[in-house]
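**Student:** Data file my_file35.cif (mmCIF, C-alpha atoms) is appended below.
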```cif
data_target
loop_
_atom_site.label_atom_id
_atom_site.label_comp_id
_atom_site.auth_asym_id
_atom_site.auth_seq_id
_atom_site.Cartn_x
_atom_site.Cartn_y
_atom_site.Cartn_z
CA MET A 1 -13.17 18.03 25.38
CA ALA A 2 -15.48 20.62 26.91
CA ASN A 3 -16.30 22.27 23.61
CA PRO A 4 -16.66 19.78 20.74
CA ALA A 5 -15.51 22.39 18.23
CA GLY A 6 -12.30 22.87 20.18
CA ASP A 7 -12.81 26.55 21.03
CA SER A 8 -12.27 27.59 24.61
CA LYS A 9 -14.85 29.99 26.05
CA SER A 10 -12.69 30.92 29.02
CA GLY A 11 -10.41 33.32 27.14
CA SER A 12 -6.64 33.26 26.87
CA ILE A 13 -4.19 31.56 29.23
CA ARG A 14 -1.18 33.53 30.50
CA LEU A 15 2.27 31.96 30.93
CA ASP A 16 4.14 33.00 34.07
CA PHE A 17 7.67 32.70 32.66
CA ASP A 18 6.87 35.54 30.24
CA ARG A 19 3.63 37.46 30.78
CA ARG A 20 3.71 38.74 27.20
CA LEU A 21 2.79 35.22 26.00
CA MET A 22 -0.79 33.98 25.80
CA VAL A 23 -2.17 30.57 24.83
CA GLN A 24 -5.49 30.38 22.98
CA PHE A 25 -7.39 27.24 21.99
CA ARG A 26 -9.14 27.63 18.61
CA GLY A 27 -9.57 24.06 17.40
CA SER A 28 -12.36 24.83 14.93
CA VAL A 29 -10.16 27.17 12.87
CA LEU A 30 -6.90 25.20 13.11
CA THR A 31 -5.87 21.94 11.49
CA SER A 32 -2.79 19.77 11.70
CA ASP A 33 -3.59 17.95 8.43
CA ALA A 34 -3.75 20.72 5.83
CA GLY A 35 -1.57 18.73 3.43
CA LEU A 36 -4.49 16.36 2.89
CA LEU A 37 -5.90 19.01 0.56
CA ALA A 38 -3.24 18.08 -2.02
CA TYR A 39 -4.42 14.46 -1.92
CA ARG A 40 -8.02 15.60 -2.26
CA GLU A 41 -6.97 17.58 -5.35
CA LEU A 42 -5.37 14.42 -6.79
CA ASP A 43 -8.50 12.44 -5.95
CA ASP A 44 -10.62 14.98 -7.81
CA ALA A 45 -8.27 15.06 -10.82
CA LEU A 46 -8.37 11.26 -11.19
CA GLY A 47 -12.00 10.78 -10.14
CA LEU A 48 -11.15 8.09 -7.57
CA THR A 49 -13.82 8.53 -4.90
CA ALA A 50 -16.35 9.42 -7.59
CA MET A 51 -15.75 5.94 -9.01
CA ALA A 52 -16.13 4.43 -5.55
CA SER A 53 -19.49 6.12 -4.97
CA GLU A 54 -20.73 4.73 -8.28
CA THR A 55 -19.47 1.22 -7.45
CA LEU A 56 -20.61 0.86 -3.85
CA ALA A 57 -24.25 0.26 -2.98
CA ASP A 58 -25.82 2.64 -0.44
CA ALA A 59 -27.80 0.45 1.96
CA ARG A 60 -29.40 3.37 3.78
CA THR A 61 -33.12 3.94 3.50
CA GLY A 62 -35.07 7.18 3.80
CA LYS A 63 -34.07 10.72 2.88
CA ASN A 64 -32.51 11.90 6.13
CA GLY A 65 -28.93 10.86 5.39
CA ARG A 66 -26.71 13.66 6.64
CA HIS A 67 -23.66 12.71 4.54
CA ALA A 68 -23.43 11.32 1.04
CA LEU A 69 -21.81 7.92 0.58
CA ALA A 70 -18.87 9.57 -1.24
CA GLY A 71 -18.28 11.83 1.77
CA LEU A 72 -18.30 8.93 4.22
CA PHE A 73 -15.95 7.00 1.95
CA ARG A 74 -13.55 9.96 1.75
CA GLN A 75 -13.58 10.35 5.53
CA SER A 76 -12.64 6.66 5.89
CA VAL A 77 -9.84 6.73 3.32
CA PHE A 78 -8.36 10.18 4.00
CA GLY A 79 -8.52 9.64 7.75
CA ARG A 80 -6.43 6.50 7.41
CA LEU A 81 -4.02 8.27 5.07
CA ALA A 82 -3.41 10.85 7.81
CA GLY A 83 -2.84 8.13 10.42
CA TYR A 84 -6.28 7.99 12.06
CA GLU A 85 -7.00 4.29 11.77
CA ASP A 86 -9.97 3.98 14.17
CA VAL A 87 -13.56 5.18 13.78
CA ASN A 88 -13.22 6.60 17.31
CA ASP A 89 -10.93 9.25 15.81
CA ALA A 90 -13.98 10.68 14.07
CA GLU A 91 -14.99 12.29 17.37
CA ARG A 92 -12.24 14.84 16.78
CA LEU A 93 -11.87 14.65 13.01
CA ARG A 94 -15.50 15.57 12.42
CA HIS A 95 -14.63 19.08 13.66
CA ASP A 96 -11.30 19.35 11.83
CA PRO A 97 -11.62 22.00 9.08
CA ALA A 98 -9.41 20.13 6.61
CA MET A 99 -11.43 16.93 6.99
CA ARG A 100 -14.73 18.82 6.76
CA TRP A 101 -13.76 20.35 3.41
CA ILE A 102 -12.43 16.99 2.16
CA VAL A 103 -15.72 15.29 3.02
CA GLY A 104 -17.59 18.13 1.33
CA GLY A 105 -21.33 18.71 1.15
CA LYS A 106 -22.96 19.71 4.43
CA ALA A 107 -19.77 18.84 6.32
CA ALA A 108 -17.88 21.83 4.91
CA GLN A 109 -19.94 24.31 6.93
CA GLY A 110 -21.04 21.92 9.67
CA HIS A 111 -19.49 18.66 10.88
CA ALA A 112 -18.20 15.50 9.25
CA ALA A 113 -19.55 12.09 10.23
CA SER A 114 -19.58 11.04 13.89
CA PRO A 115 -17.98 7.83 15.24
CA SER A 116 -21.37 6.07 15.29
CA GLN A 117 -22.06 7.05 11.66
CA MET A 118 -18.61 5.89 10.57
CA GLY A 119 -19.02 2.68 12.55
CA ARG A 120 -22.28 1.82 10.80
CA PHE A 121 -20.79 2.75 7.44
CA GLU A 122 -17.73 0.52 7.79
CA THR A 123 -19.03 -2.43 9.80
CA GLN A 124 -22.52 -2.73 8.31
CA TRP A 125 -22.89 -1.13 4.88
CA LEU A 126 -19.40 -1.85 3.53
CA ALA A 127 -19.32 -5.31 5.18
CA ALA A 128 -22.23 -6.46 3.02
CA PRO A 129 -20.94 -9.13 0.60
CA ALA A 130 -21.60 -7.04 -2.53
CA ASN A 131 -19.80 -3.97 -1.15
CA LEU A 132 -16.88 -5.98 0.22
CA SER A 133 -16.41 -7.57 -3.20
CA ALA A 134 -16.58 -4.13 -4.83
CA LEU A 135 -13.99 -2.80 -2.38
CA SER A 136 -11.64 -5.66 -3.25
CA ASP A 137 -11.85 -4.72 -6.95
CA LEU A 138 -11.57 -0.98 -6.38
CA SER A 139 -7.79 -0.87 -5.93
CA GLY A 140 -7.30 -2.42 -9.37
CA GLN A 141 -9.78 0.00 -10.93
CA TRP A 142 -7.93 2.95 -9.38
CA ILE A 143 -4.63 1.61 -10.70
CA ASP A 144 -6.11 1.32 -14.19
CA ILE A 145 -6.98 5.04 -14.04
CA VAL A 146 -3.40 5.86 -13.02
CA HIS A 147 -1.99 3.71 -15.81
CA GLY A 148 -4.06 5.76 -18.23
CA HIS A 149 -1.70 8.62 -17.36
CA ARG A 150 1.40 6.42 -17.05
CA PRO A 151 0.97 3.50 -19.49
CA PRO A 152 3.40 0.69 -18.59
CA LYS A 153 4.88 -1.58 -21.25
CA GLY A 154 5.11 -4.47 -18.81
CA ILE A 155 3.89 -5.30 -15.31
CA VAL A 156 5.89 -6.99 -12.56
CA LEU A 157 3.73 -8.57 -9.84
CA ASP A 158 5.15 -9.37 -6.41
CA MET A 159 3.11 -11.56 -4.06
CA ASP A 160 3.80 -11.90 -0.35
CA SER A 161 1.99 -12.52 2.91
CA SER A 162 2.32 -10.60 6.16
CA VAL A 163 1.15 -10.64 9.75
CA SER A 164 -1.43 -8.47 11.49
CA PRO A 165 -1.25 -9.17 15.25
CA THR A 166 -4.56 -9.17 17.10
CA HIS A 167 -5.23 -8.31 20.73
CA GLY A 168 -8.72 -9.42 21.59
CA GLU A 169 -11.56 -11.74 20.60
CA GLN A 170 -11.53 -10.99 16.87
CA GLU A 171 -13.29 -13.58 14.76
CA MET A 172 -10.89 -16.01 12.99
CA SER A 173 -7.94 -14.61 14.90
CA VAL A 174 -5.71 -17.66 15.42
CA TRP A 175 -2.28 -18.40 16.86
CA ASN A 176 0.47 -18.57 14.21
CA GLY A 177 3.50 -20.59 15.21
CA HIS A 178 5.82 -18.91 12.70
CA TYR A 179 5.06 -15.38 13.88
CA GLN A 180 4.62 -16.47 17.50
CA CYS A 181 1.45 -14.45 18.04
CA THR A 182 -2.31 -14.45 17.62
CA CYS A 183 -2.96 -12.75 14.32
CA TYR A 184 -4.49 -12.48 10.90
CA HIS A 185 -2.41 -13.52 7.88
CA PRO A 186 -3.23 -11.20 4.93
CA LEU A 187 -1.98 -11.73 1.39
CA PHE A 188 -0.82 -8.90 -0.92
CA VAL A 189 0.04 -8.36 -4.60
CA PHE A 190 2.03 -5.27 -5.60
CA ASN A 191 3.22 -3.98 -8.96
CA GLN A 192 6.65 -2.49 -9.70
CA PHE A 193 5.43 1.05 -8.94
CA GLY A 194 4.53 0.12 -5.36
CA ASP A 195 0.76 0.13 -6.01
CA LEU A 196 -1.20 -2.49 -4.07
CA GLU A 197 -3.03 -4.40 -6.79
CA ARG A 198 -5.10 -6.64 -4.56
CA CYS A 199 -5.18 -7.98 -1.02
CA VAL A 200 -7.25 -10.34 1.07
CA LEU A 201 -7.62 -10.95 4.80
CA ARG A 202 -7.16 -14.54 5.96
CA PRO A 203 -7.26 -16.40 9.29
CA GLY A 204 -4.02 -16.44 11.21
CA ASN A 205 -3.22 -20.13 10.87
CA VAL A 206 -3.34 -20.56 7.08
CA HIS A 207 -0.34 -21.31 4.86
CA SER A 208 1.43 -18.30 3.34
CA ALA A 209 0.16 -19.23 -0.15
CA ASP A 210 -3.39 -20.14 0.89
CA GLY A 211 -5.92 -18.61 -1.52
CA TRP A 212 -3.24 -17.32 -3.90
CA GLU A 213 -5.28 -18.00 -7.04
CA GLY A 214 -8.26 -15.89 -5.95
CA VAL A 215 -5.91 -12.94 -5.37
CA LEU A 216 -3.51 -13.31 -8.30
CA LYS A 217 -5.77 -14.52 -11.11
CA PRO A 218 -8.03 -11.39 -11.25
CA VAL A 219 -4.94 -9.18 -11.48
CA ILE A 220 -3.49 -11.20 -14.37
CA VAL A 221 -6.81 -11.21 -16.21
CA ARG A 222 -7.07 -7.43 -15.81
CA TYR A 223 -3.72 -6.89 -17.53
CA GLN A 224 -4.06 -9.40 -20.35
CA GLY A 225 -4.20 -7.56 -23.66
CA LYS A 226 -3.19 -4.27 -22.02
CA VAL A 227 0.56 -4.79 -21.57
CA LEU A 228 3.21 -6.58 -23.60
CA ARG A 229 4.49 -8.80 -20.82
CA ILE A 230 3.51 -9.81 -17.27
CA TYR A 231 6.15 -10.96 -14.79
CA PHE A 232 5.70 -12.60 -11.38
CA ARG A 233 8.01 -12.97 -8.38
CA ALA A 234 7.48 -14.74 -5.07
CA ASP A 235 9.38 -16.47 -2.30
CA ALA A 236 9.60 -20.20 -1.58
CA ALA A 237 6.14 -20.34 0.03
CA PHE A 238 4.66 -20.09 -3.49
CA ALA A 239 6.88 -22.78 -5.03
CA MET A 240 3.96 -25.07 -5.88
CA PRO A 241 3.07 -26.92 -9.10
CA GLY A 242 -0.33 -25.23 -9.26
CA VAL A 243 1.31 -21.79 -9.29
CA TYR A 244 3.72 -22.77 -12.10
CA GLU A 245 0.99 -24.29 -14.22
CA CYS A 246 -1.33 -21.30 -13.79
CA LEU A 247 1.39 -18.81 -14.73
CA GLU A 248 2.50 -20.87 -17.72
CA ALA A 249 -1.08 -21.20 -18.95
CA GLU A 250 -1.49 -17.41 -18.72
CA ARG A 251 1.91 -16.85 -20.41
CA VAL A 252 3.34 -15.05 -17.40
CA LYS A 253 7.12 -15.05 -16.94
CA TYR A 254 8.02 -15.96 -13.36
CA ALA A 255 10.94 -16.31 -10.96
CA ILE A 256 10.08 -18.13 -7.72
CA ARG A 257 12.51 -19.18 -5.03
CA LEU A 258 12.77 -22.95 -4.73
CA PRO A 259 13.43 -24.66 -1.38
CA ALA A 260 16.73 -26.51 -1.39
CA ASN A 261 16.88 -30.30 -1.29
CA GLN A 262 19.57 -32.93 -1.69
CA VAL A 263 18.89 -33.48 -5.40
CA LEU A 264 19.36 -29.78 -6.14
CA GLN A 265 22.48 -29.68 -3.98
CA ASN A 266 23.97 -32.62 -5.87
CA ARG A 267 23.42 -30.87 -9.21
CA ILE A 268 25.76 -28.03 -8.17
CA ALA A 269 28.16 -30.09 -6.01
CA TYR A 270 31.13 -28.81 -8.03
CA LEU A 271 30.35 -25.26 -6.88
CA LEU A 272 30.08 -26.21 -3.21
CA LYS A 273 33.74 -27.20 -2.82
CA ARG A 274 35.81 -24.51 -1.16
CA PRO A 275 38.12 -22.89 -3.75
CA VAL A 276 41.82 -23.60 -3.39
CA GLY A 277 44.09 -20.84 -2.11
CA ARG A 278 43.76 -17.86 0.16
CA PRO A 279 40.20 -16.51 0.06
CA PRO A 280 39.80 -12.95 -1.25
CA ASN A 281 38.28 -10.12 0.76
CA GLU A 282 35.30 -9.74 -1.56
CA VAL A 283 32.26 -11.95 -2.08
CA ARG A 284 32.62 -14.52 -4.85
CA ARG A 285 29.46 -15.48 -6.75
CA TYR A 286 28.89 -18.42 -9.07
CA TYR A 287 25.80 -19.27 -11.11
CA ALA A 288 24.48 -22.48 -12.64
CA ASN A 289 21.65 -23.54 -14.95
CA PHE A 290 20.03 -26.95 -15.15
CA THR A 291 16.71 -28.66 -15.81
CA TYR A 292 14.94 -30.24 -12.87
CA LYS A 293 11.73 -32.19 -12.38
CA ALA A 294 10.35 -32.74 -8.89
CA ALA A 295 8.15 -35.74 -8.21
CA SER A 296 5.04 -33.54 -8.00
CA TRP A 297 5.75 -31.72 -11.27
CA THR A 298 4.20 -32.74 -14.58
CA LYS A 299 7.23 -31.61 -16.59
CA PRO A 300 10.84 -30.51 -16.10
CA ARG A 301 11.55 -26.80 -15.54
CA ARG A 302 14.57 -24.53 -15.59
CA VAL A 303 16.31 -23.94 -12.26
CA VAL A 304 18.92 -21.24 -11.65
CA ALA A 305 21.34 -21.64 -8.74
CA LYS A 306 23.46 -18.97 -7.08
CA VAL A 307 26.38 -19.81 -4.80
CA GLU A 308 28.05 -17.08 -2.72
CA TRP A 309 31.31 -17.46 -0.83
CA HIS A 310 31.59 -14.72 1.81
CA PRO A 311 34.88 -13.80 3.53
CA GLY A 312 35.20 -15.46 6.91
CA GLU A 313 32.46 -18.04 6.25
CA LEU A 314 33.26 -21.75 5.81
CA ILE A 315 29.97 -22.70 4.15
CA PRO A 316 28.62 -21.01 1.02
CA ARG A 317 25.20 -19.40 0.77
CA VAL A 318 23.10 -21.25 -1.79
CA GLY A 319 19.82 -20.27 -3.41
CA PHE A 320 17.65 -21.84 -6.12
CA ILE A 321 15.10 -20.16 -8.39
CA VAL A 322 12.63 -21.94 -10.65
CA THR A 323 11.81 -19.88 -13.74
CA ASN A 324 10.47 -19.96 -17.28
CA MET A 325 12.53 -16.92 -18.30
CA SER A 326 15.20 -17.28 -20.96
CA ARG A 327 17.55 -14.53 -19.80
CA PRO A 328 21.01 -15.46 -18.42
CA ALA A 329 21.22 -16.91 -14.93
CA GLU A 330 22.83 -13.80 -13.44
CA ARG A 331 20.03 -11.59 -14.76
CA VAL A 332 17.36 -13.98 -13.47
CA VAL A 333 18.89 -13.70 -9.98
CA ALA A 334 19.10 -9.91 -10.26
CA PHE A 335 15.44 -9.79 -11.32
CA TYR A 336 14.36 -11.98 -8.40
CA ASN A 337 16.39 -10.00 -5.86
CA LYS A 338 14.29 -6.88 -6.55
CA ARG A 339 11.41 -8.72 -4.87
CA GLY A 340 12.73 -7.26 -1.62
CA THR A 341 11.06 -3.95 -2.46
CA CYS A 342 7.71 -5.69 -1.93
CA GLU A 343 8.64 -6.29 1.70
CA GLN A 344 9.54 -2.61 2.00
CA TRP A 345 6.10 -1.58 0.70
CA ILE A 346 4.45 -3.85 3.26
CA LYS A 347 6.51 -2.13 5.97
CA GLU A 348 5.33 1.24 4.66
CA GLY A 349 1.72 0.08 4.83
CA LYS A 350 2.25 -0.97 8.43
CA GLY A 351 4.17 2.14 9.46
CA ALA A 352 2.45 4.95 7.56
CA ILE A 353 -1.10 3.63 7.08
CA HIS A 354 -1.29 1.31 10.13
CA TRP A 355 -3.07 -1.41 8.16
CA THR A 356 -2.36 -3.95 10.89
CA ARG A 357 -4.99 -2.15 13.01
CA LEU A 358 -7.79 -4.72 12.57
CA SER A 359 -9.61 -4.45 15.87
CA CYS A 360 -13.25 -5.10 14.93
CA ARG A 361 -14.99 -8.13 16.36
CA THR A 362 -16.24 -9.69 13.12
CA PHE A 363 -14.00 -11.00 10.36
CA ALA A 364 -16.03 -9.23 7.62
CA ALA A 365 -15.60 -5.84 9.32
CA ASN A 366 -11.85 -6.39 9.60
CA ALA A 367 -11.73 -7.40 5.93
CA VAL A 368 -13.38 -4.05 5.11
CA ARG A 369 -10.83 -2.22 7.24
CA LEU A 370 -7.97 -3.88 5.37
CA GLN A 371 -9.44 -2.84 2.00
CA LEU A 372 -9.89 0.76 3.20
CA HIS A 373 -6.30 0.78 4.42
CA ALA A 374 -5.22 -0.53 1.00
CA LEU A 375 -7.07 2.27 -0.79
CA ALA A 376 -5.51 4.87 1.52
CA TYR A 377 -2.08 3.37 0.81
CA ASN A 378 -2.69 3.52 -2.94
CA LEU A 379 -3.87 7.13 -2.80
CA GLY A 380 -0.68 8.05 -0.95
CA ASN A 381 1.46 6.12 -3.43
CA PHE A 382 -0.28 7.71 -6.44
CA LEU A 383 0.74 11.17 -5.27
CA ARG A 384 4.27 9.94 -4.58
CA THR A 385 4.70 8.49 -8.07
CA LEU A 386 2.68 10.99 -10.11
CA ALA A 387 2.87 14.40 -8.45
CA THR A 388 5.98 14.79 -6.29
CA PRO A 389 8.70 17.27 -7.36
CA GLU A 390 12.23 16.00 -7.82
CA PRO A 391 13.56 17.06 -4.36
CA ILE A 392 11.02 14.80 -2.59
CA LYS A 393 10.71 12.11 -5.27
CA ASN A 394 12.25 9.42 -3.07
CA TRP A 395 10.40 10.23 0.16
CA SER A 396 8.66 7.34 1.85
CA LEU A 397 4.96 7.43 2.68
CA THR A 398 5.92 8.01 6.31
CA SER A 399 8.00 11.06 5.40
CA LEU A 400 5.22 12.42 3.21
CA LYS A 401 2.73 11.96 6.03
CA GLU A 402 4.92 13.68 8.61
CA LYS A 403 6.08 16.54 6.38
CA LEU A 404 3.35 17.06 3.77
CA ILE A 405 0.10 15.83 5.29
CA LYS A 406 0.90 17.10 8.77
CA ILE A 407 1.14 20.76 7.77
CA GLY A 408 -0.48 23.01 10.34
CA ALA A 409 -2.82 25.68 9.05
CA LYS A 410 -5.13 28.42 10.26
CA VAL A 411 -8.47 28.65 8.48
CA VAL A 412 -9.80 32.11 7.67
CA SER A 413 -13.31 32.40 6.23
CA HIS A 414 -14.30 35.26 3.96
CA GLY A 415 -17.54 36.01 2.19
CA ARG A 416 -16.68 34.20 -1.03
CA TYR A 417 -13.80 31.91 -0.14
CA VAL A 418 -12.00 30.09 2.67
CA ALA A 419 -8.23 30.45 3.10
CA PHE A 420 -5.98 27.83 4.67
CA GLN A 421 -2.95 29.78 5.96
CA MET A 422 -0.40 26.96 5.96
CA ALA A 423 2.84 26.76 7.90
CA GLU A 424 5.86 26.90 5.62
CA VAL A 425 8.31 24.53 7.30
CA ALA A 426 9.16 21.18 5.66
CA ILE A 427 7.19 21.94 2.48
CA PRO A 428 7.70 25.51 1.19
CA ARG A 429 5.09 27.32 -0.87
CA GLN A 430 6.92 26.76 -4.15
CA MET A 431 7.05 22.98 -3.63
CA PHE A 432 3.38 22.75 -2.67
CA GLN A 433 2.53 24.81 -5.74
CA GLU A 434 4.59 22.44 -7.89
CA ILE A 435 2.65 19.46 -6.47
CA LEU A 436 -0.61 21.15 -7.47
CA ARG A 437 0.78 21.93 -10.93
CA LEU A 438 1.68 18.27 -11.49
CA ILE A 439 -1.79 17.26 -10.35
CA ALA A 440 -3.38 19.77 -12.71
CA GLU A 441 -1.59 18.10 -15.64
CA LEU A 442 -3.48 14.89 -14.80
CA ARG A 443 -6.88 16.44 -15.34
CA PRO A 444 -8.69 15.65 -18.59
CA GLN A 445 -7.99 18.32 -21.19
CA PRO A 446 -11.03 20.12 -22.62
CA PRO A 447 -11.76 19.46 -26.30
CA PRO A 448 -10.33 22.07 -28.69
CA ALA A 449 -12.63 24.90 -29.64
CA PRO A 450 -14.16 24.59 -33.11
CA ALA A 451 -12.41 26.65 -35.77
#
```
Here is a file; write its structure as structure tokens.
**Tutor:**
Amino acid sequence: MANPAGDSKSGSIRLDFDRRLMVQFRGSVLTSDAGLLAYRELDDALGLTAMASETLADARTGKNGRHALAGLFRQSVFGRLAGYEDVNDAERLRHDPAMRWIVGGKAAQGHAASPSQMGRFETQWLAAPANLSALSDLSGQWIDIVHGHRPPKGIVLDMDSSVSPTHGEQEMSVWNGHYQCTCYHPLFVFNQFGDLERCVLRPGNVHSADGWEGVLKPVIVRYQGKVLRIYFRADAAFAMPGVYECLEAERVKYAIRLPANQVLQNRIAYLLKRPVGRPPNEVRRYYANFTYKAASWTKPRRVVAKVEWHPGELIPRVGFIVTNMSRPAERVVAFYNKRGTCEQWIKEGKGAIHWTRLSCRTFAANAVRLQLHALAYNLGNFLRTLATPEPIKNWSLTSLKEKLIKIGAKVVSHGRYVAFQMAEVAIPRQMFQEILRLIAELRPQPPPAPA
């Protein structure tokens, strides 16, 4: 753009269809992301980026740093939350008034970080082994803060892998025959609230369960002694003896889908015969329990089978679940079926946060990008679960981004304060005020005054 601040020096533009209308370009006093201020308020109430600045090591030398590490970190996370997944977006965002006030410090009255500053921050400083390890732990530390306000009695962990297609010469980007593309193959662990507990970036050609212990074990250790019970769910890719033995040693209750084989089929052969008589119009479900020991297992384990006869289908749908839970078979199946919400959260991460955008050349830099995307996702989910009024309680992260974050506003500066005059369209004033009230309740209460 001709003027980096977005202000046109050539005056107004007239429209011929109605000469009463004029178009003015005032980019430095307008923002399309005013709703980010609510997320910044939540961040301040919980102390999230303050924790990050204490955890991460600042590799810069000298005293000429224009932006504090906390400000650079906020620009990375909040930019991704608003849908700006590339450091190139900083060329415009550095002038955006909402982003400048979110970054804080000198940026509030000047400019936020430039693309080159953000590039060095993400691909050099954060890609250092110590900082990358700290980033991987940060999501769990943020979740612990949230659980201080919403203590859970039990934790349900869902593990699943996903695909991040690549379109260049990214390091360790490999063809994956299952997904039929060149990609990375990240691994995720969510809890029942939709928070992303931990994730890791992996080469594209690894097995879906590759490296599961390094991702799952730290999460389990973090919760031991804090909650009454830990549960685990996963699909058939994680049906491995090592997974069972680890979970049993940690006293974690699990339900994992088991690939079918002829031995399992023979155990429920009596349920696989088509029932006599005219089939009904509804689905018929049958359940079975039995003990099974595969050749690679050190001991027998409980297996739950579900058989479904659907109208118009000649062959039943059969599924097996290996579990150490004692609840009835029907409840074990119902518990496992809720694992599908994990896939929905992965879709939200792809759609709202764009965490498949891993376009750096080096693998370490892309691993940093994934962790920053994960933190942006968690920040968005924290507001959804902690500070959304009832009418928007069930909105997805995409809806919140399009209707809450993307609120247009005009910025008016006065001597003592700055006003964001926000458009009242999808989110009315009363609802935004209710969001801020709910956030205010999360702030630490001051100690009572002495009598």
**Student:** Starting from the PyMOL selection byres ((chain A and resi 156-163) around 9), expand the selection into actual residues of this file and give them as a ChimeraX atom specification.
**Tutor:** /A:154-155,164-165,179,183-193,197,204,208-209,212,216,219-220,229-235,237-238,339,341-343,346,356
**Student:** Would you output that residue set with C-alpha atoms, as a compact mmCIF listing (two decimals), in the coordinates of the input?
**Tutor:**
```txt
# COMPACT_ATOMS: atom_id res chain seq x y z
CA GLY A 154 5.11 -4.47 -18.81
CA ILE A 155 3.89 -5.30 -15.31
CA SER A 164 -1.43 -8.47 11.49
CA PRO A 165 -1.25 -9.17 15.25
CA TYR A 179 5.06 -15.38 13.88
CA CYS A 183 -2.96 -12.75 14.32
CA TYR A 184 -4.49 -12.48 10.90
CA HIS A 185 -2.41 -13.52 7.88
CA PRO A 186 -3.23 -11.20 4.93
CA LEU A 187 -1.98 -11.73 1.39
CA PHE A 188 -0.82 -8.90 -0.92
CA VAL A 189 0.04 -8.36 -4.60
CA PHE A 190 2.03 -5.27 -5.60
CA ASN A 191 3.22 -3.98 -8.96
CA GLN A 192 6.65 -2.49 -9.70
CA PHE A 193 5.43 1.05 -8.94
CA GLU A 197 -3.03 -4.40 -6.79
CA GLY A 204 -4.02 -16.44 11.21
CA SER A 208 1.43 -18.30 3.34
CA ALA A 209 0.16 -19.23 -0.15
CA TRP A 212 -3.24 -17.32 -3.90
CA LEU A 216 -3.51 -13.31 -8.30
CA VAL A 219 -4.94 -9.18 -11.48
CA ILE A 220 -3.49 -11.20 -14.37
CA ARG A 229 4.49 -8.80 -20.82
CA ILE A 230 3.51 -9.81 -17.27
CA TYR A 231 6.15 -10.96 -14.79
CA PHE A 232 5.70 -12.60 -11.38
CA ARG A 233 8.01 -12.97 -8.38
CA ALA A 234 7.48 -14.74 -5.07
CA ASP A 235 9.38 -16.47 -2.30
CA ALA A 237 6.14 -20.34 0.03
CA PHE A 238 4.66 -20.09 -3.49
CA ARG A 339 11.41 -8.72 -4.87
CA THR A 341 11.06 -3.95 -2.46
CA CYS A 342 7.71 -5.69 -1.93
CA GLU A 343 8.64 -6.29 1.70
CA ILE A 346 4.45 -3.85 3.26
CA THR A 356 -2.36 -3.95 10.89
```
**Student:** Counting all atoms listed in the file, which of A:Met422, A:Ala45, A:Ala127, A:Leu247 gets nearest to A:Arg437?
**Tutor:**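 When distances to A:Arg437 are compared using all atoms listed in the file, the smallest one comes from A:Ala45.
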**Student:** Which residues would end up in the selection if the PyMOL selection byres ((chain A and resi 289-292) around 6) were applied here, given that I need the answer as an MDAnalysis selection string?
**Tutor:** chainID A and resid 288 293 300:304
**Student:** Using all atoms listed in the file, determine which residues lie at most 10 Å from A:Ser136, disregarding the query and same-chain residues fewer than 5 positions distant; provide the list as a list in words.
**Tutor:**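 Selected residues are Asn131, Gln141, Glu197, Arg198, Cys199, Val200, Val215, Ala367, Val368, Leu370, Gln371, Leu372, Ala374 and Leu375 of chain A.
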**Student:** Exactly which residues make up the result of the PyMOL selection byres ((chain A and resi 424) around 12) on this file, given as a PyMOL selection string?
**Tutor:** chain A and resi 34-35+403-404+406-409+420-423+425-432
**Student:** One number please: atom CA of A:Gly79 to atom CA of A:Ala419, in Å, one decimal.
**Tutor:**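 Straight-line distance from atom CA of A:Gly79 to atom CA of A:Ala419 works out to 21.3 Å.
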**Student:** What separation in Å, quoted to one decimal, exists between atom CA of A:Glu169 and atom CA of A:Arg120?
**Tutor:**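 Interatomic distance, atom CA of A:Glu169 to atom CA of A:Arg120: 19.9 Å.
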**Student:** Would you list the residues near (-7.8, 15.2, -18.8), meaning any protein, DNA or RNA residue with an atom at most 12 Å from that point in file coordinates, counting only C-alpha atoms, as a list in words?
**Tutor:**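 Looking at atoms near the point gives Asp44, Ala45, Leu46, Gly47, Ile145, Val146, Gly148, His149, Ile439, Ala440, Glu441, Leu442, Arg443, Pro444, Gln445, Pro446 and Pro447 of chain A.
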**Student:** Kindly output stretch 10-15 of chain A as a short mmCIF file (atom, residue, chain, number, x, y, z; two decimals), in the coordinates of the input, after building N, CA and C atoms.
**Tutor:**
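Resulting contents of selection.cif:
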```cif
data_model
loop_
_atom_site.label_atom_id
_atom_site.label_comp_id
_atom_site.auth_asym_id
_atom_site.auth_seq_id
_atom_site.Cartn_x
_atom_site.Cartn_y
_atom_site.Cartn_z
N SER A 10 -13.22 30.30 27.80
CA SER A 10 -12.69 30.92 29.02
C SER A 10 -11.59 31.92 28.73
N GLY A 11 -11.41 32.32 27.47
CA GLY A 11 -10.41 33.32 27.14
C GLY A 11 -9.02 32.76 27.05
N SER A 12 -8.04 33.65 27.05
CA SER A 12 -6.64 33.26 26.87
C SER A 12 -6.03 32.80 28.19
N ILE A 13 -4.93 32.05 28.07
CA ILE A 13 -4.19 31.56 29.23
C ILE A 13 -2.83 32.25 29.23
N ARG A 14 -2.47 32.86 30.37
CA ARG A 14 -1.18 33.53 30.50
C ARG A 14 -0.11 32.55 30.97
N LEU A 15 1.12 32.76 30.51
CA LEU A 15 2.27 31.96 30.93
C LEU A 15 3.12 32.80 31.87
#
```
